[in-house]
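Chemist: To be precise about what I am sending: the file is called entry_36.cif and holds mmCIF, C-alpha atoms.
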data_entry
loop_
_atom_site.group_PDB
_atom_site.id
_atom_site.type_symbol
_atom_site.label_atom_id
_atom_site.label_comp_id
_atom_site.auth_asym_id
_atom_site.auth_seq_id
_atom_site.Cartn_x
_atom_site.Cartn_y
_atom_site.Cartn_z
ATOM 1 C CA MET A 504 120.201 138.126 71.161
ATOM 2 C CA GLN A 505 118.058 136.721 73.955
ATOM 3 C CA VAL A 506 119.828 135.813 77.198
ATOM 4 C CA LEU A 507 120.066 132.120 78.125
ATOM 5 C CA SER A 508 119.471 131.804 81.858
ATOM 6 C CA ASP A 509 121.208 129.185 83.986
ATOM 7 C CA THR A 510 117.901 127.355 84.454
ATOM 8 C CA GLU A 511 117.248 127.305 80.703
ATOM 9 C CA PHE A 512 120.779 126.089 80.038
ATOM 10 C CA THR A 513 120.197 123.230 82.480
ATOM 11 C CA HIS A 514 117.125 122.236 80.461
ATOM 12 C CA PHE A 515 119.171 122.063 77.256
ATOM 13 C CA GLN A 516 121.958 120.143 78.994
ATOM 14 C CA ARG A 517 119.389 117.506 79.902
ATOM 15 C CA PHE A 518 117.837 117.644 76.438
ATOM 16 C CA ILE A 519 121.052 116.839 74.553
ATOM 17 C CA PHE A 520 122.114 114.259 77.143
ATOM 18 C CA ASP A 521 118.809 112.415 76.768
ATOM 19 C CA ALA A 522 118.908 112.690 72.972
ATOM 20 C CA ALA A 523 122.556 111.895 72.271
ATOM 21 C CA GLY A 524 124.325 111.069 75.522
ATOM 22 C CA ILE A 525 126.397 114.259 75.223
ATOM 23 C CA THR A 526 127.419 116.019 78.427
ATOM 24 C CA LEU A 527 127.665 119.787 78.019
ATOM 25 C CA SER A 528 129.852 121.576 80.553
ATOM 26 C CA SER A 529 128.977 125.040 81.851
ATOM 27 C CA ALA A 530 131.628 126.401 79.482
ATOM 28 C CA LYS A 531 129.304 125.548 76.577
ATOM 29 C CA LYS A 532 126.547 127.937 77.656
ATOM 30 C CA ALA A 533 127.511 130.624 75.121
ATOM 31 C CA LEU A 534 127.747 127.998 72.364
ATOM 32 C CA VAL A 535 124.231 126.754 73.127
ATOM 33 C CA ALA A 536 122.845 130.287 73.110
ATOM 34 C CA GLY A 537 124.576 131.128 69.845
ATOM 35 C CA ARG A 538 123.482 127.997 68.014
ATOM 36 C CA LEU A 539 119.865 128.000 69.178
ATOM 37 C CA SER A 540 119.139 131.737 68.942
ATOM 38 C CA LYS A 541 118.340 131.465 65.223
ATOM 39 C CA ARG A 542 115.558 128.986 66.045
ATOM 40 C CA LEU A 543 113.984 131.489 68.436
ATOM 41 C CA THR A 544 113.993 134.000 65.591
ATOM 42 C CA HIS A 545 112.567 131.435 63.183
ATOM 43 C CA HIS A 546 109.652 130.615 65.503
ATOM 44 C CA ARG A 547 109.268 134.218 66.737
ATOM 45 C CA LEU A 548 109.793 133.171 70.345
ATOM 46 C CA GLU A 549 110.736 135.554 73.133
ATOM 47 C CA SER A 550 112.880 133.270 75.285
ATOM 48 C CA PHE A 551 114.900 130.065 75.325
ATOM 49 C CA GLY A 552 112.367 128.754 77.805
ATOM 50 C CA ASP A 553 109.662 129.141 75.140
ATOM 51 C CA TYR A 554 111.852 127.216 72.697
ATOM 52 C CA PHE A 555 112.430 124.412 75.192
ATOM 53 C CA ARG A 556 108.684 124.128 75.740
ATOM 54 C CA LEU A 557 108.230 123.913 71.962
ATOM 55 C CA LEU A 558 110.748 121.049 71.826
ATOM 56 C CA SER A 559 108.853 119.265 74.591
ATOM 57 C CA ALA A 560 105.626 119.224 72.582
ATOM 58 C CA PRO A 561 105.092 115.881 70.798
ATOM 59 C CA GLN A 562 104.075 117.489 67.490
ATOM 60 C CA HIS A 563 107.509 119.100 67.043
ATOM 61 C CA GLY A 564 109.651 116.022 66.361
ATOM 62 C CA ALA A 565 111.257 117.627 63.307
ATOM 63 C CA GLU A 566 112.345 120.607 65.410
ATOM 64 C CA VAL A 567 113.913 118.239 67.944
ATOM 65 C CA GLN A 568 116.138 116.859 65.178
ATOM 66 C CA ILE A 569 117.115 120.405 64.159
ATOM 67 C CA ALA A 570 118.082 121.218 67.751
ATOM 68 C CA VAL A 571 120.135 118.011 68.031
ATOM 69 C CA ASP A 572 121.907 118.880 64.765
ATOM 70 C CA LEU A 573 122.747 122.361 66.030
ATOM 71 C CA LEU A 574 124.074 121.144 69.384
ATOM 72 C CA THR A 575 126.196 118.346 67.963
ATOM 73 C CA THR A 576 129.793 119.465 67.497
ATOM 74 C CA ASN A 577 131.269 118.280 64.184
ATOM 75 C CA GLU A 578 134.931 118.962 63.520
ATOM 76 C CA THR A 579 136.842 116.729 61.154
ATOM 77 C CA TYR A 580 139.043 116.602 58.065
ATOM 78 C CA PHE A 581 140.453 113.994 55.694
ATOM 79 C CA PHE A 582 143.043 111.563 57.108
ATOM 80 C CA ARG A 583 142.834 112.985 60.606
ATOM 81 C CA GLU A 584 145.158 111.055 62.984
ATOM 82 C CA SER A 585 147.004 109.418 60.107
ATOM 83 C CA LYS A 586 148.453 106.464 62.039
ATOM 84 C CA HIS A 587 145.025 104.857 62.078
ATOM 85 C CA PHE A 588 145.007 104.938 58.284
ATOM 86 C CA ASP A 589 148.466 103.368 58.186
ATOM 87 C CA PHE A 590 147.039 100.585 60.356
ATOM 88 C CA LEU A 591 143.985 100.309 58.123
ATOM 89 C CA ARG A 592 146.268 99.928 55.120
ATOM 90 C CA GLN A 593 148.131 97.072 56.811
ATOM 91 C CA GLN A 594 144.899 95.246 57.573
ATOM 92 C CA ALA A 595 143.512 95.805 54.087
ATOM 93 C CA LEU A 596 146.688 94.512 52.415
ATOM 94 C CA ALA A 597 146.564 91.419 54.631
ATOM 95 C CA ALA A 598 142.969 90.799 53.509
ATOM 96 C CA ARG A 599 143.410 91.424 49.788
ATOM 97 C CA SER A 600 143.352 87.744 48.784
ATOM 98 C CA ARG A 601 140.370 86.666 50.861
ATOM 99 C CA PRO A 602 136.928 86.206 49.308
ATOM 100 C CA GLN A 603 134.935 87.633 52.245
ATOM 101 C CA MET A 604 133.713 91.218 52.282
ATOM 102 C CA PHE A 605 135.994 93.644 54.171
ATOM 103 C CA ARG A 606 133.743 96.009 56.121
ATOM 104 C CA VAL A 607 134.591 99.208 57.975
ATOM 105 C CA TRP A 608 132.257 101.441 59.980
ATOM 106 C CA SER A 609 132.922 105.124 60.613
ATOM 107 C CA ALA A 610 130.634 105.285 63.636
ATOM 108 C CA ALA A 611 130.657 109.057 64.115
ATOM 109 C CA SER A 612 131.304 110.095 60.549
ATOM 110 C CA SER A 613 130.180 113.711 60.858
ATOM 111 C CA SER A 614 130.363 115.302 57.386
ATOM 112 C CA GLY A 615 131.993 112.241 55.828
ATOM 113 C CA GLU A 616 135.699 112.991 55.597
ATOM 114 C CA GLU A 617 136.658 110.013 57.760
ATOM 115 C CA ALA A 618 134.457 107.584 55.824
ATOM 116 C CA TYR A 619 135.822 108.731 52.461
ATOM 117 C CA SER A 620 139.399 108.571 53.785
ATOM 118 C CA ILE A 621 138.746 104.943 54.742
ATOM 119 C CA ALA A 622 137.266 104.261 51.311
ATOM 120 C CA MET A 623 140.309 105.712 49.538
ATOM 121 C CA VAL A 624 142.603 103.331 51.439
ATOM 122 C CA LEU A 625 140.414 100.308 50.720
ATOM 123 C CA ALA A 626 140.039 101.185 47.034
ATOM 124 C CA ASP A 627 143.812 101.468 46.808
ATOM 125 C CA CYS A 628 144.693 98.281 48.702
ATOM 126 C CA LEU A 629 141.953 95.772 47.941
ATOM 127 C CA GLU A 630 141.960 94.315 44.440
ATOM 128 C CA THR A 631 139.501 91.449 44.034
ATOM 129 C CA THR A 632 138.407 91.458 47.672
ATOM 130 C CA PRO A 633 134.945 93.029 48.012
ATOM 131 C CA TRP A 634 134.661 95.881 50.499
ATOM 132 C CA GLU A 635 132.251 98.441 51.837
ATOM 133 C CA VAL A 636 132.291 101.436 54.151
ATOM 134 C CA MET A 637 129.395 102.612 56.285
ATOM 135 C CA GLY A 638 129.304 106.047 57.846
ATOM 136 C CA SER A 639 126.828 107.051 60.526
ATOM 137 C CA ASP A 640 126.017 110.038 62.688
ATOM 138 C CA ILE A 641 123.149 111.275 64.823
ATOM 139 C CA SER A 642 122.955 114.524 62.851
ATOM 140 C CA THR A 643 120.915 114.457 59.649
ATOM 141 C CA ARG A 644 122.420 117.821 58.698
ATOM 142 C CA VAL A 645 125.996 116.574 58.542
ATOM 143 C CA LEU A 646 124.932 113.313 56.875
ATOM 144 C CA ALA A 647 123.356 115.318 54.071
ATOM 145 C CA GLY A 648 126.690 117.066 53.602
ATOM 146 C CA ALA A 649 128.501 113.729 53.653
ATOM 147 C CA GLN A 650 126.353 112.413 50.832
ATOM 148 C CA ARG A 651 127.106 115.498 48.742
ATOM 149 C CA ALA A 652 130.845 114.839 49.284
ATOM 150 C CA HIS A 653 131.775 118.430 48.355
ATOM 151 C CA TYR A 654 134.480 119.948 50.560
ATOM 152 C CA SER A 655 136.843 122.882 50.806
ATOM 153 C CA MET A 656 140.404 122.150 49.713
ATOM 154 C CA GLU A 657 141.483 123.085 53.242
ATOM 155 C CA ARG A 658 139.616 120.020 54.554
ATOM 156 C CA GLY A 659 141.558 117.904 52.072
ATOM 157 C CA ARG A 660 145.025 119.216 52.826
ATOM 158 C CA HIS A 661 146.117 115.839 54.285
ATOM 159 C CA ILE A 662 144.859 113.698 51.397
ATOM 160 C CA PRO A 663 147.904 112.003 49.779
ATOM 161 C CA GLN A 664 148.569 113.569 46.379
ATOM 162 C CA ASN A 665 147.986 110.333 44.450
ATOM 163 C CA TYR A 666 144.651 109.840 46.219
ATOM 164 C CA LEU A 667 143.685 113.424 45.472
ATOM 165 C CA GLN A 668 144.305 112.791 41.774
ATOM 166 C CA ARG A 669 142.600 109.377 41.704
ATOM 167 C CA PHE A 670 139.554 109.935 43.876
ATOM 168 C CA CYS A 671 138.747 113.663 43.819
ATOM 169 C CA LEU A 672 137.673 116.287 41.310
ATOM 170 C CA LYS A 673 139.088 119.782 41.702
ATOM 171 C CA GLY A 674 136.535 122.574 41.682
ATOM 172 C CA ARG A 675 136.693 125.230 38.980
ATOM 173 C CA ASP A 676 135.143 128.642 38.399
ATOM 174 C CA GLU A 677 132.545 129.244 41.119
ATOM 175 C CA HIS A 678 133.678 126.001 42.831
ATOM 176 C CA ALA A 679 137.363 126.964 42.898
ATOM 177 C CA GLY A 680 139.017 126.097 46.204
ATOM 178 C CA SER A 681 136.881 123.002 46.693
ATOM 179 C CA LEU A 682 136.960 119.302 45.868
ATOM 180 C CA LEU A 683 134.338 116.677 45.095
ATOM 181 C CA VAL A 684 134.852 112.990 45.878
ATOM 182 C CA ASN A 685 134.338 111.196 42.591
ATOM 183 C CA ARG A 686 131.160 109.300 41.847
ATOM 184 C CA GLN A 687 132.753 105.842 41.828
ATOM 185 C CA LEU A 688 134.121 106.186 45.354
ATOM 186 C CA ARG A 689 130.934 107.847 46.608
ATOM 187 C CA SER A 690 128.964 104.823 45.450
ATOM 188 C CA ARG A 691 130.978 102.574 47.774
ATOM 189 C CA VAL A 692 130.223 104.556 50.934
ATOM 190 C CA HIS A 693 126.802 104.310 52.547
ATOM 191 C CA PHE A 694 125.540 106.717 55.196
ATOM 192 C CA ARG A 695 122.730 106.287 57.688
ATOM 193 C CA GLN A 696 121.527 107.988 60.823
ATOM 194 C CA VAL A 697 122.464 106.059 63.958
ATOM 195 C CA ASN A 698 122.137 107.168 67.569
ATOM 196 C CA LEU A 699 124.936 105.462 69.511
ATOM 197 C CA ASN A 700 123.142 106.303 72.740
ATOM 198 C CA ALA A 701 120.286 103.914 71.936
ATOM 199 C CA ALA A 702 119.928 100.257 70.982
ATOM 200 C CA LEU A 703 121.655 99.753 67.630
ATOM 201 C CA PRO A 704 120.083 98.186 64.544
ATOM 202 C CA GLU A 705 121.769 95.127 63.039
ATOM 203 C CA LEU A 706 124.800 96.653 61.360
ATOM 204 C CA GLY A 707 127.758 94.281 61.718
ATOM 205 C CA PRO A 708 129.900 92.444 61.760
ATOM 206 C CA PHE A 709 132.751 94.765 60.849
ATOM 207 C CA ASP A 710 136.478 94.136 60.431
ATOM 208 C CA ILE A 711 137.308 97.582 61.816
ATOM 209 C CA ILE A 712 135.250 100.253 63.538
ATOM 210 C CA PHE A 713 136.394 103.869 63.908
ATOM 211 C CA LEU A 714 134.833 105.717 66.863
ATOM 212 C CA ARG A 715 137.194 108.631 67.290
ATOM 213 C CA ASN A 716 137.039 111.885 69.243
ATOM 214 C CA VAL A 717 133.461 111.291 70.346
ATOM 215 C CA MET A 718 133.723 109.784 73.811
ATOM 216 C CA ILE A 719 135.175 113.032 75.156
ATOM 217 C CA TYR A 720 131.582 114.321 75.083
ATOM 218 C CA PHE A 721 130.220 111.388 77.153
ATOM 219 C CA ASN A 722 130.271 110.734 80.882
ATOM 220 C CA GLU A 723 131.788 107.469 82.149
ATOM 221 C CA GLU A 724 128.559 105.456 82.224
ATOM 222 C CA THR A 725 127.526 106.614 78.753
ATOM 223 C CA LYS A 726 130.999 105.682 77.465
ATOM 224 C CA ARG A 727 130.612 102.155 78.827
ATOM 225 C CA GLN A 728 127.191 101.741 77.264
ATOM 226 C CA VAL A 729 128.193 103.153 73.867
ATOM 227 C CA VAL A 730 131.403 101.115 73.665
ATOM 228 C CA ALA A 731 129.554 97.920 74.593
ATOM 229 C CA ARG A 732 127.010 98.478 71.816
ATOM 230 C CA VAL A 733 129.655 99.316 69.225
ATOM 231 C CA VAL A 734 132.115 96.556 70.140
ATOM 232 C CA ALA A 735 129.319 94.014 69.779
ATOM 233 C CA GLN A 736 129.321 94.895 66.057
ATOM 234 C CA ILE A 737 133.006 93.922 65.596
ATOM 235 C CA LYS A 738 133.768 90.454 64.292
ATOM 236 C CA PRO A 739 136.058 88.259 66.422
ATOM 237 C CA GLY A 740 139.627 89.305 65.698
ATOM 238 C CA GLY A 741 138.475 92.682 64.400
ATOM 239 C CA TYR A 742 139.701 96.088 65.512
ATOM 240 C CA PHE A 743 138.391 99.207 67.243
ATOM 241 C CA CYS A 744 140.040 102.614 66.719
ATOM 242 C CA ILE A 745 139.406 105.499 69.115
ATOM 243 C CA GLY A 746 140.853 109.017 69.248
ATOM 244 C CA HIS A 747 144.467 109.459 70.327
ATOM 245 C CA SER A 748 143.343 111.512 73.329
ATOM 246 C CA GLU A 749 140.837 108.849 74.433
ATOM 247 C CA SER A 750 141.217 105.629 76.414
ATOM 248 C CA LEU A 751 139.181 102.538 77.230
ATOM 249 C CA ASN A 752 140.742 102.137 80.678
ATOM 250 C CA ASP A 753 137.938 101.082 83.051
ATOM 251 C CA ILE A 754 135.502 101.356 80.126
ATOM 252 C CA SER A 755 135.625 97.953 78.423
ATOM 253 C CA GLN A 756 137.284 94.571 78.862
ATOM 254 C CA ALA A 757 135.781 93.241 75.624
ATOM 255 C CA VAL A 758 138.721 94.481 73.524
ATOM 256 C CA LYS A 759 142.452 94.492 74.236
ATOM 257 C CA PRO A 760 144.981 97.206 73.313
ATOM 258 C CA VAL A 761 147.350 96.317 70.469
ATOM 259 C CA ALA A 762 148.721 99.810 69.762
ATOM 260 C CA PRO A 763 148.038 103.337 71.044
ATOM 261 C CA SER A 764 144.282 103.992 70.582
ATOM 262 C CA ILE A 765 143.812 100.674 68.694
ATOM 263 C CA TYR A 766 142.096 97.682 70.284
ATOM 264 C CA GLN A 767 141.346 94.138 69.129
ATOM 265 C CA LYS A 768 138.392 91.911 69.892
ATOM 266 C CA PRO A 769 139.634 88.442 70.874
ATOM 267 C CA ILE A 770 138.953 85.588 68.475
#
Show me this structure written as structure tokens.

Modeler:
Amino acid sequence: MQVLSDTEFTHFQRFIFDAAGITLSSAKKALVAGRLSKRLTHHRLESFGDYFRLLSAPQHGAEVQIAVDLLTTNETYFFRESKHFDFLRQQALAARSRPQMFRVWSAASSSGEEAYSIAMVLADCLETTPWEVMGSDISTRVLAGAQRAHYSMERGRHIPQNYLQRFCLKGRDEHAGSLLVNRQLRSRVHFRQVNLNAALPELGPFDIIFLRNVMIYFNEETKRQVVARVVAQIKPGGYFCIGHSESLNDISQAVKPVAPSIYQKPI
């Protein structure tokens, strides 16, 4: 495998920061080399510097998206950080008699497990109340996987048993050890590519937005900018859920804490 020099690594640090607002520490140098080396082979390039120059050429926009996909870390599973889903259930039950649409955005949905977990709760709790879930990510690769909704059973180990029976199909034969979210639930979840590090399209308003375990990759100024854009999509009185290891201290005054890692936008 070609060696990634410190200078070349600096170029890719700037590349992914400009593209996605992600700050890569020096500890990620081996990860960058490992993930991008296959693209050097694909293009028959001799160095990472050659690959960076290819990315800088305006005619290679599709390759830029591939590089962003490869450098975006995506680690998730169903019902991760379960207390947020307990809170979601409370809010959904409180809204079950209202006529207005109940909307939730999984703002860094990765391969879709979070968005489908949200959908399972809403399908269970909301009877006549209309609802919808939107999932978004910067990576087209993981969004394609989210739309397929086909996962290993290991990813689904935290799905409540009754939800597993109601909303998932168990793989058989060559698909043994996997699950597929059923068609009816898949039809209620919509995915789109969204770059949180740029001006957002009109998406809201949402009752609840999940933006969890993402800000750890951003520097302080990027966090402020991203949170401001996302919080603007929450309806007054709505909620914002972040990862349990994250905090909005000194990041935003637009929402107030109501529980650990859960914030509310004032009415």

Chemist: Assuming the chain letters and numbering stay as they are in my file, what does the PyMOL selection byres ((chain A and resi 583-600) around 7) actually select? List them as a CSV table (one decimal) with C-alpha atoms, keeping the file's coordinate frame.

Modeler:
chain,number,residue,atom,x,y,z
A,580,TYR,CA,139.0,116.6,58.1
A,581,PHE,CA,140.5,114.0,55.7
A,582,PHE,CA,143.0,111.6,57.1
A,601,ARG,CA,140.4,86.7,50.9
A,602,PRO,CA,136.9,86.2,49.3
A,624,VAL,CA,142.6,103.3,51.4
A,625,LEU,CA,140.4,100.3,50.7
A,628,CYS,CA,144.7,98.3,48.7
A,629,LEU,CA,142.0,95.8,47.9
A,630,GLU,CA,142.0,94.3,44.4
A,631,THR,CA,139.5,91.4,44.0
A,632,THR,CA,138.4,91.5,47.7

Chemist: Run the PyMOL selection byres ((chain A and resi 604) around 6) on the file and write out the hits as JSON, numbers by chain.

Modeler: {"A": [603, 605, 633, 634]}

Chemist: Hey, which of A:Leu573, A:Ala626, A:Val734, A:Val717 ends up closest to Thr526 in chain A? Count all atoms listed in the file.

Modeler: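 The closest residue to Thr526 in chain A is A:Val717.
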
Chemist: Taking 6 positions as the minimum chain separation for residues in the same chain, which residues sit within 9 Å of range 504-509 of chain A when counting all atoms listed in the file? Answer as a ChimeraX atom specification.

Modeler: /A:532-533,535-537,540,543,549-552

Chemist: What would the file look like if the residues just selected were written as a short mmCIF file (atom, residue, chain, number, x, y, z; two decimals), in the coordinates of the input with C-alpha atoms?

Modeler:
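Everything below was put into again-v9.cif:
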data_model
loop_
_atom_site.label_atom_id
_atom_site.label_comp_id
_atom_site.auth_asym_id
_atom_site.auth_seq_id
_atom_site.Cartn_x
_atom_site.Cartn_y
_atom_site.Cartn_z
CA LYS A 532 126.55 127.94 77.66
CA ALA A 533 127.51 130.62 75.12
CA VAL A 535 124.23 126.75 73.13
CA ALA A 536 122.84 130.29 73.11
CA GLY A 537 124.58 131.13 69.84
CA SER A 540 119.14 131.74 68.94
CA LEU A 543 113.98 131.49 68.44
CA GLU A 549 110.74 135.55 73.13
CA SER A 550 112.88 133.27 75.28
CA PHE A 551 114.90 130.06 75.32
CA GLY A 552 112.37 128.75 77.81
#

Chemist: Find the spatial neighbours of range 672-683 of chain A, counting all atoms listed in the file, within a cut-off of 9 Å - ignore same-chain residues fewer than 3 positions away - and output them as a list in words.

Modeler: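 Listing them by chain and then by number gives Arg651, Ala652, His653, Tyr654, Ser655, Met656, Glu657, Arg658, Gly659, Leu667, Gln668, Arg669 and Arg686 of chain A.
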
Chemist: Please evaluate the PyMOL selection byres ((chain A and resi 612) around 12) against the structure above and give the resulting residues as number ranges by chain.

Modeler: A: 576-581, 583, 607-611, 613-621, 636-650, 692-699, 712-717

Chemist: Compile the contact shell of Lys759 in chain A as a list in words: residues with an atom at most 8 Å away, counting all atoms listed in the file, same-chain residues fewer than 3 positions apart removed.

Modeler: Gln756, Tyr766, Gln767, Lys768 and Pro769 of chain A

Chemist: So what do you get for CA of Glu724 in chain A versus CA of Ser528 in chain A, distance-wise?

Modeler: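 Straight-line distance from CA of Glu724 in chain A to CA of Ser528 in chain A works out to 16.3 Å.
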
Chemist: Is it possible to get the axis-aligned box enclosing range 730-734 of chain A (all listed atoms, 8 Å extra per side) as JSON, with centre and edge lengths in Å rounded to one decimal?

Modeler:
{"center_x": 129.6, "center_y": 98.8, "center_z": 71.9, "size_x": 21.1, "size_y": 20.6, "size_z": 21.4}

Chemist: Can you put all heavy atoms back into range 661-670 of chain A and show it as a PDB file, in the coordinates of the input?

Modeler:
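Written out: part.pdb:
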ATOM      1  N   HIS A 661     145.328 117.014  53.899  1.00  0.00           N
ATOM      2  CA  HIS A 661     146.117 115.839  54.285  1.00  0.00           C
ATOM      3  C   HIS A 661     145.864 114.632  53.370  1.00  0.00           C
ATOM      4  O   HIS A 661     146.390 113.548  53.631  1.00  0.00           O
ATOM      5  CB  HIS A 661     145.813 115.449  55.731  1.00  0.00           C
ATOM      6  CG  HIS A 661     146.229 116.489  56.735  1.00  0.00           C
ATOM      7  ND1 HIS A 661     147.540 116.880  56.897  1.00  0.00           N
ATOM      8  CD2 HIS A 661     145.504 117.236  57.611  1.00  0.00           C
ATOM      9  CE1 HIS A 661     147.606 117.810  57.844  1.00  0.00           C
ATOM     10  NE2 HIS A 661     146.384 118.054  58.283  1.00  0.00           N
ATOM     11  N   ILE A 662     145.073 114.800  52.339  1.00  0.00           N
ATOM     12  CA  ILE A 662     144.859 113.698  51.397  1.00  0.00           C
ATOM     13  C   ILE A 662     146.160 113.480  50.619  1.00  0.00           C
ATOM     14  O   ILE A 662     146.696 114.430  50.036  1.00  0.00           O
ATOM     15  CB  ILE A 662     143.713 114.007  50.415  1.00  0.00           C
ATOM     16  CG1 ILE A 662     142.388 114.240  51.160  1.00  0.00           C
ATOM     17  CG2 ILE A 662     143.549 112.860  49.404  1.00  0.00           C
ATOM     18  CD1 ILE A 662     141.247 114.644  50.241  1.00  0.00           C
ATOM     19  N   PRO A 663     146.696 112.249  50.588  1.00  0.00           N
ATOM     20  CA  PRO A 663     147.904 112.003  49.779  1.00  0.00           C
ATOM     21  C   PRO A 663     147.681 112.451  48.336  1.00  0.00           C
ATOM     22  O   PRO A 663     146.585 112.305  47.791  1.00  0.00           O
ATOM     23  CB  PRO A 663     148.080 110.483  49.879  1.00  0.00           C
ATOM     24  CG  PRO A 663     147.425 110.114  51.179  1.00  0.00           C
ATOM     25  CD  PRO A 663     146.247 111.041  51.307  1.00  0.00           C
ATOM     26  N   GLN A 664     148.707 112.985  47.708  1.00  0.00           N
ATOM     27  CA  GLN A 664     148.569 113.569  46.379  1.00  0.00           C
ATOM     28  C   GLN A 664     148.023 112.578  45.365  1.00  0.00           C
ATOM     29  O   GLN A 664     147.176 112.926  44.536  1.00  0.00           O
ATOM     30  CB  GLN A 664     149.919 114.119  45.905  1.00  0.00           C
ATOM     31  CG  GLN A 664     149.842 114.949  44.645  1.00  0.00           C
ATOM     32  CD  GLN A 664     148.978 116.193  44.794  1.00  0.00           C
ATOM     33  OE1 GLN A 664     148.931 116.794  45.869  1.00  0.00           O
ATOM     34  NE2 GLN A 664     148.284 116.594  43.731  1.00  0.00           N
ATOM     35  N   ASN A 665     148.486 111.322  45.424  1.00  0.00           N
ATOM     36  CA  ASN A 665     147.986 110.333  44.450  1.00  0.00           C
ATOM     37  C   ASN A 665     146.520 110.018  44.681  1.00  0.00           C
ATOM     38  O   ASN A 665     145.765 109.771  43.733  1.00  0.00           O
ATOM     39  CB  ASN A 665     148.833 109.059  44.478  1.00  0.00           C
ATOM     40  CG  ASN A 665     148.785 108.343  45.814  1.00  0.00           C
ATOM     41  OD1 ASN A 665     148.758 108.984  46.868  1.00  0.00           O
ATOM     42  ND2 ASN A 665     148.785 107.021  45.800  1.00  0.00           N
ATOM     43  N   TYR A 666     146.073 110.049  45.936  1.00  0.00           N
ATOM     44  CA  TYR A 666     144.651 109.840  46.219  1.00  0.00           C
ATOM     45  C   TYR A 666     143.832 111.030  45.736  1.00  0.00           C
ATOM     46  O   TYR A 666     142.714 110.867  45.228  1.00  0.00           O
ATOM     47  CB  TYR A 666     144.423 109.650  47.722  1.00  0.00           C
ATOM     48  CG  TYR A 666     144.834 108.313  48.279  1.00  0.00           C
ATOM     49  CD1 TYR A 666     145.471 107.349  47.492  1.00  0.00           C
ATOM     50  CD2 TYR A 666     144.581 107.994  49.604  1.00  0.00           C
ATOM     51  CE1 TYR A 666     145.842 106.125  48.023  1.00  0.00           C
ATOM     52  CE2 TYR A 666     144.940 106.768  50.151  1.00  0.00           C
ATOM     53  CZ  TYR A 666     145.581 105.847  49.353  1.00  0.00           C
ATOM     54  OH  TYR A 666     145.938 104.625  49.895  1.00  0.00           O
ATOM     55  N   LEU A 667     144.378 112.223  45.913  1.00  0.00           N
ATOM     56  CA  LEU A 667     143.685 113.424  45.472  1.00  0.00           C
ATOM     57  C   LEU A 667     143.440 113.369  43.963  1.00  0.00           C
ATOM     58  O   LEU A 667     142.347 113.717  43.476  1.00  0.00           O
ATOM     59  CB  LEU A 667     144.516 114.649  45.838  1.00  0.00           C
ATOM     60  CG  LEU A 667     143.839 116.014  45.856  1.00  0.00           C
ATOM     61  CD1 LEU A 667     142.691 116.049  46.855  1.00  0.00           C
ATOM     62  CD2 LEU A 667     144.855 117.101  46.199  1.00  0.00           C
ATOM     63  N   GLN A 668     144.429 112.892  43.233  1.00  0.00           N
ATOM     64  CA  GLN A 668     144.305 112.791  41.774  1.00  0.00           C
ATOM     65  C   GLN A 668     143.365 111.667  41.359  1.00  0.00           C
ATOM     66  O   GLN A 668     142.604 111.806  40.395  1.00  0.00           O
ATOM     67  CB  GLN A 668     145.687 112.581  41.162  1.00  0.00           C
ATOM     68  CG  GLN A 668     146.610 113.787  41.325  1.00  0.00           C
ATOM     69  CD  GLN A 668     148.029 113.498  40.894  1.00  0.00           C
ATOM     70  OE1 GLN A 668     148.410 112.353  40.641  1.00  0.00           O
ATOM     71  NE2 GLN A 668     148.849 114.549  40.803  1.00  0.00           N
ATOM     72  N   ARG A 669     143.397 110.545  42.081  1.00  0.00           N
ATOM     73  CA  ARG A 669     142.600 109.377  41.704  1.00  0.00           C
ATOM     74  C   ARG A 669     141.136 109.487  42.107  1.00  0.00           C
ATOM     75  O   ARG A 669     140.241 109.027  41.382  1.00  0.00           O
ATOM     76  CB  ARG A 669     143.178 108.108  42.339  1.00  0.00           C
ATOM     77  CG  ARG A 669     144.455 107.593  41.730  1.00  0.00           C
ATOM     78  CD  ARG A 669     144.944 106.370  42.474  1.00  0.00           C
ATOM     79  NE  ARG A 669     143.975 105.268  42.455  1.00  0.00           N
ATOM     80  CZ  ARG A 669     144.123 104.151  43.165  1.00  0.00           C
ATOM     81  NH1 ARG A 669     145.180 103.991  43.944  1.00  0.00           N
ATOM     82  NH2 ARG A 669     143.214 103.198  43.076  1.00  0.00           N
ATOM     83  N   PHE A 670     140.882 110.049  43.280  1.00  0.00           N
ATOM     84  CA  PHE A 670     139.554 109.935  43.876  1.00  0.00           C
ATOM     85  C   PHE A 670     138.796 111.257  44.001  1.00  0.00           C
ATOM     86  O   PHE A 670     137.645 111.251  44.442  1.00  0.00           O
ATOM     87  CB  PHE A 670     139.663 109.299  45.263  1.00  0.00           C
ATOM     88  CG  PHE A 670     140.313 107.946  45.271  1.00  0.00           C
ATOM     89  CD1 PHE A 670     141.464 107.717  46.008  1.00  0.00           C
ATOM     90  CD2 PHE A 670     139.785 106.893  44.534  1.00  0.00           C
ATOM     91  CE1 PHE A 670     142.073 106.472  46.030  1.00  0.00           C
ATOM     92  CE2 PHE A 670     140.374 105.640  44.535  1.00  0.00           C
ATOM     93  CZ  PHE A 670     141.526 105.421  45.279  1.00  0.00           C
TER      94      PHE A 670
END
